[in-house]
$ cat coords-v7.tsv   # TSV, N, CA and C atoms
chain	number	residue	atom	x	y	z
A	1	MET	N	81.63	-95.92	17.04
A	1	MET	CA	80.19	-95.93	17.13
A	1	MET	C	79.68	-94.80	18.02
A	2	MET	N	80.37	-94.57	19.12
A	2	MET	CA	79.96	-93.51	20.03
A	2	MET	C	80.12	-92.14	19.37
A	3	ARG	N	81.16	-91.98	18.56
A	3	ARG	CA	81.37	-90.70	17.89
A	3	ARG	C	80.22	-90.40	16.92
A	4	MET	N	79.77	-91.44	16.23
A	4	MET	CA	78.68	-91.25	15.29
A	4	MET	C	77.40	-90.87	16.02
A	5	LEU	N	77.09	-91.53	17.12
A	5	LEU	CA	75.92	-91.19	17.91
A	5	LEU	C	76.02	-89.78	18.50
A	6	ALA	N	77.21	-89.41	18.92
A	6	ALA	CA	77.41	-88.05	19.45
A	6	ALA	C	77.19	-87.02	18.34
A	7	GLY	N	77.66	-87.32	17.15
A	7	GLY	CA	77.47	-86.42	16.01
A	7	GLY	C	76.00	-86.28	15.65
A	8	VAL	N	75.29	-87.39	15.62
A	8	VAL	CA	73.85	-87.37	15.32
A	8	VAL	C	73.11	-86.59	16.40
A	9	GLY	N	73.49	-86.78	17.64
A	9	GLY	CA	72.86	-86.05	18.75
A	9	GLY	C	73.12	-84.56	18.65
A	10	LEU	N	74.33	-84.18	18.28
A	10	LEU	CA	74.68	-82.78	18.14
A	10	LEU	C	73.91	-82.13	16.98
A	11	ILE	N	73.82	-82.83	15.89
A	11	ILE	CA	73.06	-82.31	14.73
A	11	ILE	C	71.58	-82.18	15.10
A	12	SER	N	71.03	-83.14	15.81
A	12	SER	CA	69.63	-83.08	16.24
A	12	SER	C	69.40	-81.88	17.17
A	13	LEU	N	70.33	-81.66	18.08
A	13	LEU	CA	70.21	-80.53	18.99
A	13	LEU	C	70.25	-79.20	18.23
A	14	VAL	N	71.13	-79.07	17.26
A	14	VAL	CA	71.22	-77.85	16.45
A	14	VAL	C	69.91	-77.64	15.67
A	15	LEU	N	69.37	-78.69	15.10
A	15	LEU	CA	68.12	-78.58	14.35
A	15	LEU	C	66.96	-78.14	15.25
A	16	VAL	N	66.89	-78.65	16.44
A	16	VAL	CA	65.84	-78.27	17.38
A	16	VAL	C	65.98	-76.79	17.76
A	17	VAL	N	67.19	-76.34	17.99
A	17	VAL	CA	67.42	-74.93	18.32
A	17	VAL	C	67.03	-74.04	17.14
A	18	LEU	N	67.45	-74.40	15.93
A	18	LEU	CA	67.09	-73.61	14.76
A	18	LEU	C	65.58	-73.56	14.53
A	19	TYR	N	64.92	-74.67	14.72
A	19	TYR	CA	63.47	-74.72	14.57
A	19	TYR	C	62.79	-73.83	15.61
A	20	SER	N	63.28	-73.85	16.83
A	20	SER	CA	62.71	-73.01	17.89
A	20	SER	C	62.90	-71.53	17.58
A	21	VAL	N	64.07	-71.16	17.10
A	21	VAL	CA	64.33	-69.77	16.73
A	21	VAL	C	63.39	-69.33	15.61
A	22	LYS	N	63.20	-70.19	14.62
A	22	LYS	CA	62.29	-69.87	13.52
A	22	LYS	C	60.87	-69.66	14.04
A	23	LYS	N	60.41	-70.50	14.93
A	23	LYS	CA	59.07	-70.36	15.49
A	23	LYS	C	58.93	-69.04	16.27
A	24	ILE	N	59.95	-68.66	16.99
A	24	ILE	CA	59.91	-67.40	17.74
A	24	ILE	C	59.82	-66.22	16.78
A	25	TYR	N	60.62	-66.23	15.71
A	25	TYR	CA	60.56	-65.14	14.73
A	25	TYR	C	59.21	-65.11	14.01
A	26	ASP	N	58.65	-66.26	13.69
A	26	ASP	CA	57.34	-66.31	13.05
A	26	ASP	C	56.27	-65.70	13.97
A	27	TYR	N	56.31	-66.05	15.22
A	27	TYR	CA	55.36	-65.52	16.18
A	27	TYR	C	55.52	-64.00	16.32
A	28	ARG	N	56.75	-63.54	16.40
A	28	ARG	CA	57.01	-62.11	16.53
A	28	ARG	C	56.52	-61.36	15.28
A	29	ASP	N	56.77	-61.88	14.11
A	29	ASP	CA	56.32	-61.24	12.88
A	29	ASP	C	54.80	-61.21	12.79
A	30	LEU	N	54.15	-62.27	13.23
A	30	LEU	CA	52.70	-62.31	13.23
A	30	LEU	C	52.14	-61.25	14.17
A	31	ARG	N	52.72	-61.11	15.34
A	31	ARG	CA	52.28	-60.08	16.30
A	31	ARG	C	52.48	-58.68	15.73
A	32	MET	N	53.61	-58.47	15.07
A	32	MET	CA	53.89	-57.16	14.50
A	32	MET	C	52.90	-56.84	13.38
A	33	MET	N	52.54	-57.84	12.59
A	33	MET	CA	51.61	-57.64	11.50
A	33	MET	C	50.23	-57.25	12.03
A	34	GLU	N	49.82	-57.83	13.15
A	34	GLU	CA	48.53	-57.52	13.74
A	34	GLU	C	48.46	-56.08	14.23
A	35	THR	N	49.56	-55.54	14.70
A	35	THR	CA	49.54	-54.20	15.29
A	35	THR	C	49.81	-53.10	14.28
A	36	THR	N	50.33	-53.40	13.10
A	36	THR	CA	50.67	-52.34	12.17
A	36	THR	C	49.63	-52.12	11.09
A	37	GLY	N	48.55	-52.81	11.09
A	37	GLY	CA	47.53	-52.60	10.07
A	37	GLY	C	48.02	-53.05	8.71
A	38	TYR	N	48.32	-54.31	8.60
A	38	TYR	CA	48.92	-54.83	7.38
A	38	TYR	C	48.01	-54.74	6.17
A	39	TYR	N	46.75	-54.43	6.36
A	39	TYR	CA	45.82	-54.39	5.24
A	39	TYR	C	45.71	-53.01	4.62
A	40	GLU	N	46.51	-52.06	5.06
A	40	GLU	CA	46.49	-50.73	4.46
A	40	GLU	C	47.00	-50.78	3.03
A	41	ASP	N	46.37	-50.02	2.18
A	41	ASP	CA	46.81	-49.86	0.80
A	41	ASP	C	47.58	-48.54	0.75
A	42	TYR	N	48.88	-48.60	0.64
A	42	TYR	CA	49.70	-47.40	0.74
A	42	TYR	C	49.53	-46.47	-0.46
A	43	ASP	N	48.87	-46.94	-1.49
A	43	ASP	CA	48.56	-46.04	-2.61
A	43	ASP	C	47.51	-45.01	-2.20
A	44	ILE	N	46.73	-45.30	-1.17
A	44	ILE	CA	45.76	-44.32	-0.67
A	44	ILE	C	46.50	-43.12	-0.09
A	45	TYR	N	47.59	-43.38	0.61
A	45	TYR	CA	48.40	-42.28	1.14
A	45	TYR	C	48.99	-41.44	0.01
A	46	LYS	N	49.42	-42.11	-1.04
A	46	LYS	CA	49.96	-41.38	-2.20
A	46	LYS	C	48.86	-40.55	-2.87
A	47	ALA	N	47.66	-41.10	-2.95
A	47	ALA	CA	46.53	-40.35	-3.52
A	47	ALA	C	46.21	-39.14	-2.64
A	48	ALA	N	46.27	-39.31	-1.34
A	48	ALA	CA	46.01	-38.19	-0.42
A	48	ALA	C	47.05	-37.10	-0.58
A	49	GLN	N	48.29	-37.51	-0.76
A	49	GLN	CA	49.34	-36.51	-0.95
A	49	GLN	C	49.17	-35.80	-2.29
A	50	THR	N	48.82	-36.53	-3.31
A	50	THR	CA	48.57	-35.93	-4.62
A	50	THR	C	47.39	-34.97	-4.54
A	51	PHE	N	46.36	-35.36	-3.80
A	51	PHE	CA	45.20	-34.50	-3.57
A	51	PHE	C	45.62	-33.21	-2.88
A	52	ALA	N	46.46	-33.33	-1.87
A	52	ALA	CA	46.92	-32.16	-1.11
A	52	ALA	C	47.79	-31.24	-1.95
A	53	GLN	N	48.45	-31.78	-2.96
A	53	GLN	CA	49.29	-30.97	-3.83
A	53	GLN	C	48.49	-30.27	-4.91
A	54	GLY	N	47.17	-30.50	-4.95
A	54	GLY	CA	46.30	-29.78	-5.86
A	54	GLY	C	46.04	-30.46	-7.19
A	55	ALA	N	46.23	-31.74	-7.27
A	55	ALA	CA	45.98	-32.47	-8.52
A	55	ALA	C	44.49	-32.44	-8.86
A	56	SER	N	44.19	-32.65	-10.12
A	56	SER	CA	42.80	-32.63	-10.56
A	56	SER	C	42.03	-33.83	-10.02
A	57	VAL	N	40.73	-33.71	-10.01
A	57	VAL	CA	39.86	-34.76	-9.52
A	57	VAL	C	40.02	-36.03	-10.36
A	58	ASP	N	40.22	-35.88	-11.66
A	58	ASP	CA	40.38	-37.04	-12.54
A	58	ASP	C	41.61	-37.87	-12.15
A	59	VAL	N	42.69	-37.21	-11.80
A	59	VAL	CA	43.91	-37.92	-11.39
A	59	VAL	C	43.66	-38.69	-10.10
A	60	ILE	N	42.98	-38.05	-9.16
A	60	ILE	CA	42.68	-38.71	-7.88
A	60	ILE	C	41.75	-39.89	-8.10
A	61	GLU	N	40.74	-39.72	-8.94
A	61	GLU	CA	39.82	-40.82	-9.23
A	61	GLU	C	40.56	-42.01	-9.84
A	62	GLU	N	41.50	-41.72	-10.73
A	62	GLU	CA	42.27	-42.80	-11.35
A	62	GLU	C	43.13	-43.52	-10.32
A	63	MET	N	43.75	-42.77	-9.40
A	63	MET	CA	44.57	-43.40	-8.36
A	63	MET	C	43.72	-44.27	-7.43
A	64	LEU	N	42.56	-43.76	-7.06
A	64	LEU	CA	41.69	-44.52	-6.16
A	64	LEU	C	41.08	-45.74	-6.83
A	65	SER	N	40.86	-45.65	-8.14
A	65	SER	CA	40.25	-46.78	-8.85
A	65	SER	C	41.18	-47.99	-8.90
A	66	LYS	N	42.47	-47.77	-8.68
A	66	LYS	CA	43.43	-48.88	-8.68
A	66	LYS	C	43.43	-49.64	-7.34
A	67	SER	N	42.81	-49.05	-6.33
A	67	SER	CA	42.77	-49.67	-5.01
A	67	SER	C	41.69	-50.75	-4.97
A	68	TYR	N	41.96	-51.82	-4.29
A	68	TYR	CA	40.99	-52.90	-4.16
A	68	TYR	C	39.82	-52.50	-3.26
A	69	GLU	N	39.95	-51.42	-2.50
A	69	GLU	CA	38.91	-51.03	-1.55
A	69	GLU	C	37.85	-50.10	-2.14
A	70	PHE	N	38.11	-49.58	-3.32
A	70	PHE	CA	37.23	-48.54	-3.85
A	70	PHE	C	36.56	-48.94	-5.15
A	71	ASP	N	35.26	-48.67	-5.19
A	71	ASP	CA	34.47	-48.76	-6.41
A	71	ASP	C	34.09	-47.32	-6.77
A	72	PRO	N	33.49	-47.07	-7.93
A	72	PRO	CA	33.16	-45.69	-8.32
A	72	PRO	C	32.30	-44.93	-7.31
A	73	LYS	N	31.39	-45.64	-6.65
A	73	LYS	CA	30.54	-44.98	-5.66
A	73	LYS	C	31.35	-44.50	-4.47
A	74	ARG	N	32.24	-45.33	-3.97
A	74	ARG	CA	33.09	-44.95	-2.83
A	74	ARG	C	34.04	-43.81	-3.20
A	75	ILE	N	34.54	-43.85	-4.43
A	75	ILE	CA	35.42	-42.77	-4.89
A	75	ILE	C	34.67	-41.44	-4.87
A	76	GLU	N	33.44	-41.46	-5.39
A	76	GLU	CA	32.63	-40.24	-5.43
A	76	GLU	C	32.33	-39.74	-4.01
A	77	GLN	N	32.00	-40.66	-3.11
A	77	GLN	CA	31.72	-40.26	-1.72
A	77	GLN	C	32.95	-39.64	-1.07
A	78	THR	N	34.10	-40.25	-1.29
A	78	THR	CA	35.34	-39.76	-0.70
A	78	THR	C	35.65	-38.35	-1.19
A	79	LEU	N	35.57	-38.15	-2.49
A	79	LEU	CA	35.88	-36.83	-3.04
A	79	LEU	C	34.84	-35.79	-2.61
A	80	THR	N	33.60	-36.17	-2.48
A	80	THR	CA	32.56	-35.25	-2.01
A	80	THR	C	32.87	-34.79	-0.59
A	81	LEU	N	33.35	-35.68	0.25
A	81	LEU	CA	33.68	-35.32	1.62
A	81	LEU	C	34.99	-34.53	1.72
A	82	ALA	N	35.94	-34.83	0.86
A	82	ALA	CA	37.28	-34.23	0.99
A	82	ALA	C	37.44	-32.90	0.26
A	83	LEU	N	36.78	-32.72	-0.85
A	83	LEU	CA	36.99	-31.51	-1.66
A	83	LEU	C	36.76	-30.19	-0.91
A	84	PRO	N	35.73	-30.07	-0.08
A	84	PRO	CA	35.55	-28.80	0.63
A	84	PRO	C	36.71	-28.44	1.57
A	85	GLU	N	37.48	-29.42	1.98
A	85	GLU	CA	38.58	-29.19	2.93
A	85	GLU	C	39.93	-28.99	2.24
A	86	ARG	N	39.92	-28.85	0.94
A	86	ARG	CA	41.17	-28.75	0.18
A	86	ARG	C	41.96	-27.48	0.52
A	87	ASN	N	41.32	-26.47	1.05
A	87	ASN	CA	42.00	-25.22	1.37
A	87	ASN	C	42.61	-25.20	2.77
A	88	ASN	N	42.58	-26.31	3.46
A	88	ASN	CA	43.21	-26.39	4.79
A	88	ASN	C	44.71	-26.17	4.68
A	89	SER	N	45.35	-25.97	5.82
A	89	SER	CA	46.78	-25.69	5.82
A	89	SER	C	47.61	-26.84	5.26
A	90	ASP	N	47.13	-28.07	5.38
A	90	ASP	CA	47.86	-29.22	4.85
A	90	ASP	C	47.39	-29.61	3.45
A	91	GLY	N	46.60	-28.76	2.83
A	91	GLY	CA	46.12	-29.03	1.48
A	91	GLY	C	44.97	-30.02	1.44
A	92	GLY	N	44.45	-30.38	2.59
A	92	GLY	CA	43.33	-31.32	2.65
A	92	GLY	C	43.78	-32.76	2.84
A	93	TYR	N	45.07	-32.97	3.12
A	93	TYR	CA	45.59	-34.33	3.30
A	93	TYR	C	44.84	-35.08	4.40
A	94	SER	N	44.80	-34.49	5.60
A	94	SER	CA	44.15	-35.19	6.72
A	94	SER	C	42.65	-35.33	6.49
A	95	ALA	N	42.03	-34.34	5.83
A	95	ALA	CA	40.60	-34.44	5.52
A	95	ALA	C	40.36	-35.57	4.51
A	96	PHE	N	41.27	-35.75	3.57
A	96	PHE	CA	41.13	-36.83	2.59
A	96	PHE	C	41.22	-38.18	3.29
A	97	ILE	N	42.20	-38.34	4.17
A	97	ILE	CA	42.36	-39.60	4.90
A	97	ILE	C	41.13	-39.84	5.78
A	98	GLN	N	40.64	-38.79	6.42
A	98	GLN	CA	39.46	-38.91	7.25
A	98	GLN	C	38.24	-39.30	6.41
A	99	ALA	N	38.13	-38.74	5.22
A	99	ALA	CA	37.03	-39.09	4.32
A	99	ALA	C	37.12	-40.55	3.88
A	100	VAL	N	38.33	-41.00	3.59
A	100	VAL	CA	38.52	-42.41	3.21
A	100	VAL	C	38.07	-43.32	4.34
A	101	ASN	N	38.51	-43.01	5.57
A	101	ASN	CA	38.11	-43.82	6.72
A	101	ASN	C	36.60	-43.80	6.93
A	102	GLN	N	35.99	-42.64	6.73
A	102	GLN	CA	34.55	-42.53	6.90
A	102	GLN	C	33.80	-43.36	5.86
A	103	VAL	N	34.27	-43.33	4.63
A	103	VAL	CA	33.62	-44.10	3.57
A	103	VAL	C	33.81	-45.61	3.80
A	104	LEU	N	34.98	-45.99	4.28
A	104	LEU	CA	35.24	-47.42	4.54
A	104	LEU	C	34.53	-47.90	5.80
A	105	GLY	N	34.18	-46.97	6.69
A	105	GLY	CA	33.46	-47.36	7.90
A	105	GLY	C	34.33	-47.81	9.04
A	106	GLU	N	35.63	-47.65	8.93
A	106	GLU	CA	36.54	-47.99	10.02
A	106	GLU	C	37.82	-47.19	9.87
A	107	GLU	N	38.57	-47.08	10.97
A	107	GLU	CA	39.81	-46.31	10.97
A	107	GLU	C	40.96	-47.19	10.45
A	108	VAL	N	41.09	-47.24	9.16
A	108	VAL	CA	42.14	-48.04	8.55
A	108	VAL	C	43.40	-47.21	8.36
A	109	TYR	N	43.23	-45.97	7.96
A	109	TYR	CA	44.36	-45.12	7.59
A	109	TYR	C	44.61	-44.06	8.65
A	110	ASN	N	45.90	-43.76	8.86
A	110	ASN	CA	46.34	-42.79	9.85
A	110	ASN	C	46.61	-41.46	9.16
A	111	LYS	N	45.92	-40.41	9.60
A	111	LYS	CA	46.08	-39.12	8.94
A	111	LYS	C	47.44	-38.47	9.23
A	112	TYR	N	48.21	-39.02	10.15
A	112	TYR	CA	49.53	-38.49	10.46
A	112	TYR	C	50.64	-39.18	9.69
A	113	TYR	N	50.31	-40.22	8.95
A	113	TYR	CA	51.29	-40.92	8.12
A	113	TYR	C	51.44	-40.17	6.81
A	114	HIS	N	52.67	-39.82	6.46
A	114	HIS	CA	52.94	-39.14	5.20
A	114	HIS	C	53.97	-39.96	4.42
A	115	PRO	N	53.67	-40.35	3.18
A	115	PRO	CA	54.58	-41.20	2.43
A	115	PRO	C	55.93	-40.55	2.16
A	116	VAL	N	56.01	-39.23	2.17
A	116	VAL	CA	57.30	-38.57	1.96
A	116	VAL	C	58.23	-38.86	3.12
A	117	ASN	N	57.67	-38.91	4.33
A	117	ASN	CA	58.47	-39.17	5.51
A	117	ASN	C	58.72	-40.65	5.73
A	118	ASN	N	57.92	-41.50	5.12
A	118	ASN	CA	58.00	-42.94	5.35
A	118	ASN	C	58.10	-43.66	4.01
A	119	LEU	N	59.28	-43.67	3.45
A	119	LEU	CA	59.47	-44.27	2.13
A	119	LEU	C	59.82	-45.75	2.20
A	120	THR	N	59.54	-46.39	3.33
A	120	THR	CA	59.91	-47.79	3.47
A	120	THR	C	59.00	-48.72	2.70
A	121	ARG	N	57.79	-48.29	2.39
A	121	ARG	CA	56.86	-49.15	1.65
A	121	ARG	C	56.49	-48.47	0.36
A	122	SER	N	56.23	-49.27	-0.64
A	122	SER	CA	55.83	-48.69	-1.93
A	122	SER	C	54.67	-49.43	-2.51

$ encode --input "coords-v7.tsv" --output "structure tokens"
Amino acid sequence: MMRMLAGVGLISLVLVVLYSVKKIYDYRDLRMMETTGYYEDYDIYKAAQTFAQGASVDVIEEMLSKSYEFDPKRIEQTLTLALPERNNSDGGYSAFIQAVNQVLGEEVYNKYYHPVNNLTRS
């Protein structure tokens, strides 16, 4: 009888430890999500890179239209702001990201993030 109670106690202790570890990881993941801007649409970075490589306006409009953040008016505003800067040394990449942030009204996207260097997300 004592062996059975000891076994039940040991299993209960293991379950409590596992539950605590899970809670710690959940909390850590939640904190990480808050600091990394989890609401970024990484297709915007791809559109910025395509823009910097000299793609036509129609291609960029099509890429932006797939984003949940952009309607035709926002797309037009973004391209109006970014097109004059296309001759910059980076092809207008940072100007495009800056235009996107300006149209959205907040700093959502980082102009130093380049999808070629950061292929971890797709």

$ select_by_dssp --input "coords-v7.tsv" --residues "chain A" --states "helix (DSSP H, G or I)" --output "ChimeraX atom specification"
/A:2-35,42-52,57-65,72-85,93-104

$ residues_around --input "coords-v7.tsv" --residues "stretch 50-55 of chain A" --least-positions-apart "4" --cutoff "6 Å" --atoms "all atoms listed in the file" --output "list in words"
Tyr45, Lys46, Val59, Ile60, Asp90, Gly91, Gly92 and Tyr93 of chain A

$ write_last_selection --input "coords-v7.tsv" --atoms "N, CA and C atoms" --output "compact mmCIF listing (two decimals), keeping the file's coordinate frame"
# COMPACT_ATOMS: atom_id res chain seq x y z
N TYR A 45 47.59 -43.38 0.61
CA TYR A 45 48.40 -42.28 1.14
C TYR A 45 48.99 -41.44 0.01
N LYS A 46 49.42 -42.11 -1.04
CA LYS A 46 49.96 -41.38 -2.20
C LYS A 46 48.86 -40.55 -2.87
N VAL A 59 42.69 -37.21 -11.80
CA VAL A 59 43.91 -37.92 -11.39
C VAL A 59 43.66 -38.69 -10.10
N ILE A 60 42.98 -38.05 -9.16
CA ILE A 60 42.68 -38.71 -7.88
C ILE A 60 41.75 -39.89 -8.10
N ASP A 90 47.13 -28.07 5.38
CA ASP A 90 47.86 -29.22 4.85
C ASP A 90 47.39 -29.61 3.45
N GLY A 91 46.60 -28.76 2.83
CA GLY A 91 46.12 -29.03 1.48
C GLY A 91 44.97 -30.02 1.44
N GLY A 92 44.45 -30.38 2.59
CA GLY A 92 43.33 -31.32 2.65
C GLY A 92 43.78 -32.76 2.84
N TYR A 93 45.07 -32.97 3.12
CA TYR A 93 45.59 -34.33 3.30
C TYR A 93 44.84 -35.08 4.40

$ closest_atom_pairs --input "coords-v7.tsv" --of "stretch 3-95 of chain A" --to "stretch 99-112 of chain A" --cutoff "9 Å" --atoms "only C-alpha atoms" --output "tab-separated table"
residue	atom	partner	partner_atom	distance
A:Gly37	CA	A:Val108	CA	7.2
A:Tyr39	CA	A:Val108	CA	8.1
A:Glu40	CA	A:Val108	CA	6.5
A:Asp41	CA	A:Tyr109	CA	8.6
A:Tyr42	CA	A:Tyr109	CA	9.0
A:Ile44	CA	A:Tyr109	CA	8.4
A:Tyr45	CA	A:Tyr109	CA	8.1
A:Glu69	CA	A:Leu104	CA	8.0
A:Phe70	CA	A:Leu104	CA	8.7
A:Arg74	CA	A:Val103	CA	6.5
A:Ile75	CA	A:Val100	CA	8.7
A:Gln77	CA	A:Val103	CA	6.8
A:Thr78	CA	A:Ala99	CA	5.3
A:Leu79	CA	A:Ala99	CA	7.8
A:Thr80	CA	A:Ala99	CA	8.6
A:Leu81	CA	A:Ala99	CA	5.7
A:Ala82	CA	A:Ala99	CA	5.9
A:Tyr93	CA	A:Lys111	CA	7.4
A:Ser94	CA	A:Lys111	CA	4.9
A:Ala95	CA	A:Ala99	CA	6.0

$ atom_distance --input "coords-v7.tsv" --atom1 "atom N of A:Tyr113" --atom2 "atom CA of A:Asn88"
16.1 Å

$ atom_distance --input "coords-v7.tsv" --atom1 "atom CA of A:Lys66" --atom2 "atom CA of A:Glu85"
23.4 Å

$ atom_distance --input "coords-v7.tsv" --atom1 "atom C of A:Val14" --atom2 "atom C of A:Asp29"
22.5 Å
